[in-house]
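Trainee: Just dropping this structure here.
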Amino acid sequence: MFEYCTDPSSLDSLQWWSCYLTTNKQIMFYQSFGTVLALLLATAPVILLFGFGGALARRSRFLPLRLFGLGYTSMVRGIPDIIFFMFALIALDQGIEYVRHIVLCPDWTEPVRQGNDFVVCAAAKMPPNNAPQWVHEVYGFFLALVGYSVVYGAFAANTLFGAFQAVPHAQLETAAAFGMSKRKAFWRILLPQMWVYALPGLSNLWMILVKATPLLFLLGVKDIVYWANELGGAKTARFTYPHGDWRLGYFLVLLAFYLILTWVSERGFERLNRYVSRGHASRGGST
Amino acid sequence: MSACAQVFSDYALRSIGMGERLLPKADISLCDQFVLIGSGLIWNIYFAVLAVFFGFFLATAVALARSSNRRLLQWPARAFIFVIRGSPLFIQFFIAYETFVLIPKLGFDINLGFTEITVETRWLTKAWLGALIVLFLNTSAYTAQIFHGALMSVPRGDIEAADAIGMTGFRKFRRIVFPAMLRLAWPSYTNEAIFLFHATTLVFFSSFPAWRQKGDALYYASYFADKTFDPFIPYPIIAGYFVIFTLLVTLLFSRVGKRLNRHIPKERRQ
């Protein structure tokens with residue numbers, strides 16, 4: 001980065017640090033914080049969407065849809081989320097390849113599952129074998145994104161379902177008395193009032209989501225945990241910047257990052273809560 | 001069927017190092033998967049039960065400190081809760097493991113004058129103790145926050161009534177405040193216990209190595225998924241196990257909850 005960095009072994013400590021902290025790998029470490037934030041911002045709306053889908057399915061008058069909604073919303077209570085991740089990731093990966101296999105190689109006769117192997121034709125491989133590295137990384141990130149959305153969408157569905165139920169029934173009866181159709185009552189009465197009941201649960205879910213981001217590492221994405229592990233590990237004298245085992249230090253940085261992130265989020269949700277409570281005859285809104 | 005009985009006697013206690021040493025490699029049967037994943041569940045239950053049990057006491061202490069008027073008590077409790085609740089369990093596992101690994105390198109001898117003892121820190125790097133400590137601290141902080149909230153909402157009338165009949169100090173706490181706190185905290189506490197039970201699956205997946213392939217349910221499930229390249233069997237099995245045990249936990253907690261609520265009129269129970 002700096003001109004004097006060509007021979008780090010000759011530098012005094014301040015310059016050494018300024019060089020060490022601006023190496024290419026360090027920069028990638030800093031960028032991986034962006035990956036985490038990108039995942040959070042990209043999944044949040046999708047999770048809400050999945051949540052709405054699940055909650056509305058559970059409220060549906062059509063029995064199979066209602067059963068599906070019930071199953072989807074209650075599965076997260078019984079099953080650890082990490083199991084879902086591990087499952088969803090492989091299942092999704094294989095599912096995509098299987099569909100591509102059927103579409104792209106219709107004259108392939110051998111079975112896809114052969115003993116302990118999962119074999120699809122070369123054209124169906126996803127991402128393609130000759131794809132550049134970044135395609136693999138983006139694809140991995142995309143799979144992780146879908147996995148997060150499915151799992152935490154179920155949490156959101158639970159919360160939103162509860163919030164729909166919590167809106168006082170008299171409100172809907174009043175709407176009906178005014179001659180509003182079901183659809184109109186949903187959009188004008190139920191949905192706007194639901195938020196105040198949903199917000200505590202949703203803010204809780206956001207916290208859970210923030211604290212679940214290190215799992216990206218387990219899903220094979222090069223996130224902050226990956227780089228902390230990589231950069232913190234002991235480097236022998238053969239490296240340009242030899243140092244001992246610094247992983248503890250790197251992880252303390254991650255700890256600080258998460259503490260700040262959760263603290264800021266908490267403050268943000270407090271403000272949002274004040275906003276959605278306005279006009280409500282509750283403790284938060286009566287002021 | 002007898003083949004499955006054989007598998008059961010070979011692998012039912014594999015996760016704690018008894019029975020067959022080598023894990024099944026080829027021709028993995030459904031029975032293998034059921035037995036070995038079930039065997040791994042021993043670890044999940046071990047971690048969950050001990051962490052929740054010990055965590056209950058620390059959580060009560062921290063909640064009392066947090067609710068105290070003395071700054072010297074309140075601030076450490078606040079800090080403890082903030083750090084643990086504000087950071088991912090995954091990172092906590094990593095930090096704890098790195099710390100435990102570093103301790104012996106620093107040299108930790110305690111000189112007692114007449115004799116010198118070396119503190120045994122090797123165990124801390126093993127999952128059965130190291131991960132248990134992390135889970136214990138984690139659940140303590142979350143539970144302390146729940147208990148603190150409950151302490152704040154103990155009905156004023158209860159406390160005034162206790163004062164009126166001359167109860168003070170520890171007796172008032174034990175007979176009035178503590179039961180009311182538990183009753184109010186119970187639904188959230190049930191959730192926390194379930195979350196912790198689920199969090200035990202992270203132990204061997206994050207940083208603590210599974211020694212001699214003695215791992216928990218998820219360790220074996222992902223082992224099978226790797227070997228057979230078929231996630232559609234091991235993961236539903238482990239999911240089924242967890243659903244059953246979560247139901248058991250819910251049942252157990254709701255029985256205790258009923259007992260805590262037995263003096264409350266039916267329509268006011270929560």
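Following the order of the structure tokens, chains are lettered A, B, ..., residues in each are numbered from 1, and ligands are numbered from 1.
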Extract, using only C-alpha atoms, all DNA, RNA and protein residues at most 10 Å from Asp32 in chain B, discarding same-chain residues fewer than 3 positions from it, and format them as number ranges by chain.

Mentor: B: 3-4, 6-8, 10-12, 23-24, 27-29, 35-38, 224

Trainee: Please find the residues of chain A near chain B - the criterion being any atom within 10 Å, counting only C-alpha atoms - and write them as a VMD selection string.

Mentor: chain A and resid 75 to 84 86 to 91 94 113 to 118 207 to 215 217 to 218 225 229 245 to 252 254 to 263 266

Trainee: Ile42 in chain B: which residues within 9 Å, counting only C-alpha atoms, same-chain residues fewer than 5 positions away excluded, as a ChimeraX atom specification?

Mentor: /B:13,15-16,47,216-217

Trainee: Keeping only all heavy atoms, write the selected residues as a PDB file, in the first residue's frame.

Mentor:
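Written output follows (result.pdb):
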```
ATOM      1  N   LEU B  13     -23.904 -46.415  21.891  1.00  0.00           N
ATOM      2  CA  LEU B  13     -23.140 -45.556  22.803  1.00  0.00           C
ATOM      3  C   LEU B  13     -21.851 -45.074  22.153  1.00  0.00           C
ATOM      4  O   LEU B  13     -20.902 -44.694  22.827  1.00  0.00           O
ATOM      5  CB  LEU B  13     -22.833 -46.306  24.108  1.00  0.00           C
ATOM      6  CG  LEU B  13     -24.054 -46.691  24.940  1.00  0.00           C
ATOM      7  CD1 LEU B  13     -23.663 -47.546  26.128  1.00  0.00           C
ATOM      8  CD2 LEU B  13     -24.780 -45.440  25.411  1.00  0.00           C
ATOM      9  N   SER B  15     -21.123 -42.404  20.646  1.00  0.00           N
ATOM     10  CA  SER B  15     -20.787 -40.998  20.838  1.00  0.00           C
ATOM     11  C   SER B  15     -20.037 -40.769  22.138  1.00  0.00           C
ATOM     12  O   SER B  15     -19.356 -39.754  22.297  1.00  0.00           O
ATOM     13  CB  SER B  15     -22.053 -40.144  20.827  1.00  0.00           C
ATOM     14  OG  SER B  15     -22.883 -40.506  21.897  1.00  0.00           O
ATOM     15  N   ILE B  16     -20.150 -41.707  23.102  1.00  0.00           N
ATOM     16  CA  ILE B  16     -19.355 -41.535  24.312  1.00  0.00           C
ATOM     17  C   ILE B  16     -18.224 -42.562  24.348  1.00  0.00           C
ATOM     18  O   ILE B  16     -17.639 -42.842  25.400  1.00  0.00           O
ATOM     19  CB  ILE B  16     -20.221 -41.630  25.588  1.00  0.00           C
ATOM     20  CG1 ILE B  16     -21.105 -42.871  25.551  1.00  0.00           C
ATOM     21  CG2 ILE B  16     -21.072 -40.386  25.751  1.00  0.00           C
ATOM     22  CD1 ILE B  16     -21.839 -43.092  26.852  1.00  0.00           C
ATOM     23  N   PHE B  47     -25.328 -31.502  27.280  1.00  0.00           N
ATOM     24  CA  PHE B  47     -25.037 -30.064  27.301  1.00  0.00           C
ATOM     25  C   PHE B  47     -26.256 -29.263  27.761  1.00  0.00           C
ATOM     26  O   PHE B  47     -26.149 -28.376  28.607  1.00  0.00           O
ATOM     27  CB  PHE B  47     -24.640 -29.576  25.908  1.00  0.00           C
ATOM     28  CG  PHE B  47     -23.240 -29.942  25.518  1.00  0.00           C
ATOM     29  CD1 PHE B  47     -22.987 -30.585  24.322  1.00  0.00           C
ATOM     30  CD2 PHE B  47     -22.174 -29.646  26.348  1.00  0.00           C
ATOM     31  CE1 PHE B  47     -21.692 -30.916  23.956  1.00  0.00           C
ATOM     32  CE2 PHE B  47     -20.879 -29.970  25.998  1.00  0.00           C
ATOM     33  CZ  PHE B  47     -20.644 -30.608  24.798  1.00  0.00           C
ATOM     34  N   ASP B 216     -21.857 -34.984  18.402  1.00  0.00           N
ATOM     35  CA  ASP B 216     -23.281 -34.917  18.717  1.00  0.00           C
ATOM     36  C   ASP B 216     -24.106 -35.329  17.505  1.00  0.00           C
ATOM     37  O   ASP B 216     -23.554 -35.780  16.484  1.00  0.00           O
ATOM     38  CB  ASP B 216     -23.658 -33.511  19.191  1.00  0.00           C
ATOM     39  CG  ASP B 216     -23.736 -32.538  18.037  1.00  0.00           C
ATOM     40  OD1 ASP B 216     -22.942 -32.699  17.092  1.00  0.00           O
ATOM     41  OD2 ASP B 216     -24.568 -31.632  18.081  1.00  0.00           O
ATOM     42  N   ALA B 217     -25.419 -35.203  17.632  1.00  0.00           N
ATOM     43  CA  ALA B 217     -26.309 -35.705  16.591  1.00  0.00           C
ATOM     44  C   ALA B 217     -26.015 -35.073  15.231  1.00  0.00           C
ATOM     45  O   ALA B 217     -25.960 -35.761  14.217  1.00  0.00           O
ATOM     46  CB  ALA B 217     -27.763 -35.449  16.992  1.00  0.00           C
TER      47      ALA B 217
END
```

Trainee: For a quick check of understanding, using only C-alpha atoms, which of A:Leu199, A:Ser13, A:Val120, A:Pro168 has the smallest distance to Trp108 in chain A?

Mentor: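 That would be A:Val120, the residue with the smallest distance to Trp108 in chain A.
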
Trainee: Tell me, as number ranges by chain, which residues lie within 10 Å of range 149-158 of chain A, counting only C-alpha atoms; anything in the same chain fewer than 3 positions away does not count.

Mentor: A: 42-58, 69-77, 80-85, 88, 143-146, 161-163, 198, 201-202, 204-206, 208-209, 212

Trainee: For a test of reading the model, state the distance in Å between CA of Ser67 in chain B and CA of Thr190 in chain B, rounded to one decimal.

Mentor: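 Computing the Euclidean distance for CA of Ser67 in chain B and CA of Thr190 in chain B yields 21.6 Å.
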
Trainee: Write out as a PyMOL selection string all residues of range 117-260 of chain A that DSSP puts in strand (DSSP E or B) for this structure's backbone.

Mentor: chain A and resi 117-118+235+243

Trainee: Can those selected residues be exported to a file as a PDB file, in the first residue's frame so that it contains N, CA, C and O atoms?

Mentor:
```
ATOM      1  N   ASP A 117     -23.333 -41.898  -4.664  1.00  0.00           N
ATOM      2  CA  ASP A 117     -22.988 -40.759  -5.503  1.00  0.00           C
ATOM      3  C   ASP A 117     -24.223 -40.093  -6.075  1.00  0.00           C
ATOM      4  O   ASP A 117     -25.259 -40.726  -6.269  1.00  0.00           O
ATOM      5  N   PHE A 118     -24.053 -38.824  -6.313  1.00  0.00           N
ATOM      6  CA  PHE A 118     -25.101 -38.050  -6.963  1.00  0.00           C
ATOM      7  C   PHE A 118     -24.521 -37.606  -8.298  1.00  0.00           C
ATOM      8  O   PHE A 118     -23.633 -36.762  -8.347  1.00  0.00           O
ATOM      9  N   LYS A 235       1.684 -17.174  11.528  1.00  0.00           N
ATOM     10  CA  LYS A 235       2.421 -17.092  10.271  1.00  0.00           C
ATOM     11  C   LYS A 235       3.915 -17.232  10.586  1.00  0.00           C
ATOM     12  O   LYS A 235       4.443 -16.488  11.414  1.00  0.00           O
ATOM     13  N   HIS A 243       3.768 -13.545  12.337  1.00  0.00           N
ATOM     14  CA  HIS A 243       3.242 -13.263  13.673  1.00  0.00           C
ATOM     15  C   HIS A 243       2.747 -14.560  14.288  1.00  0.00           C
ATOM     16  O   HIS A 243       2.586 -15.563  13.598  1.00  0.00           O
TER      17      HIS A 243
END
```

Trainee: Give me the residues near Leu151 in chain B as number ranges by chain, where near means some atom within 9 Å (using only C-alpha atoms) and where sequence neighbours in that chain fewer than 3 positions away do not count.

Mentor: B: 63-64, 67, 146-148, 154, 177-178, 180-182, 184-185

Trainee: Could you tell me how far CA of Val134 in chain B sits from CA of Leu40 in chain A, in Å to one decimal place?

Mentor: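 Between these atoms lies a distance of 25.9 Å.
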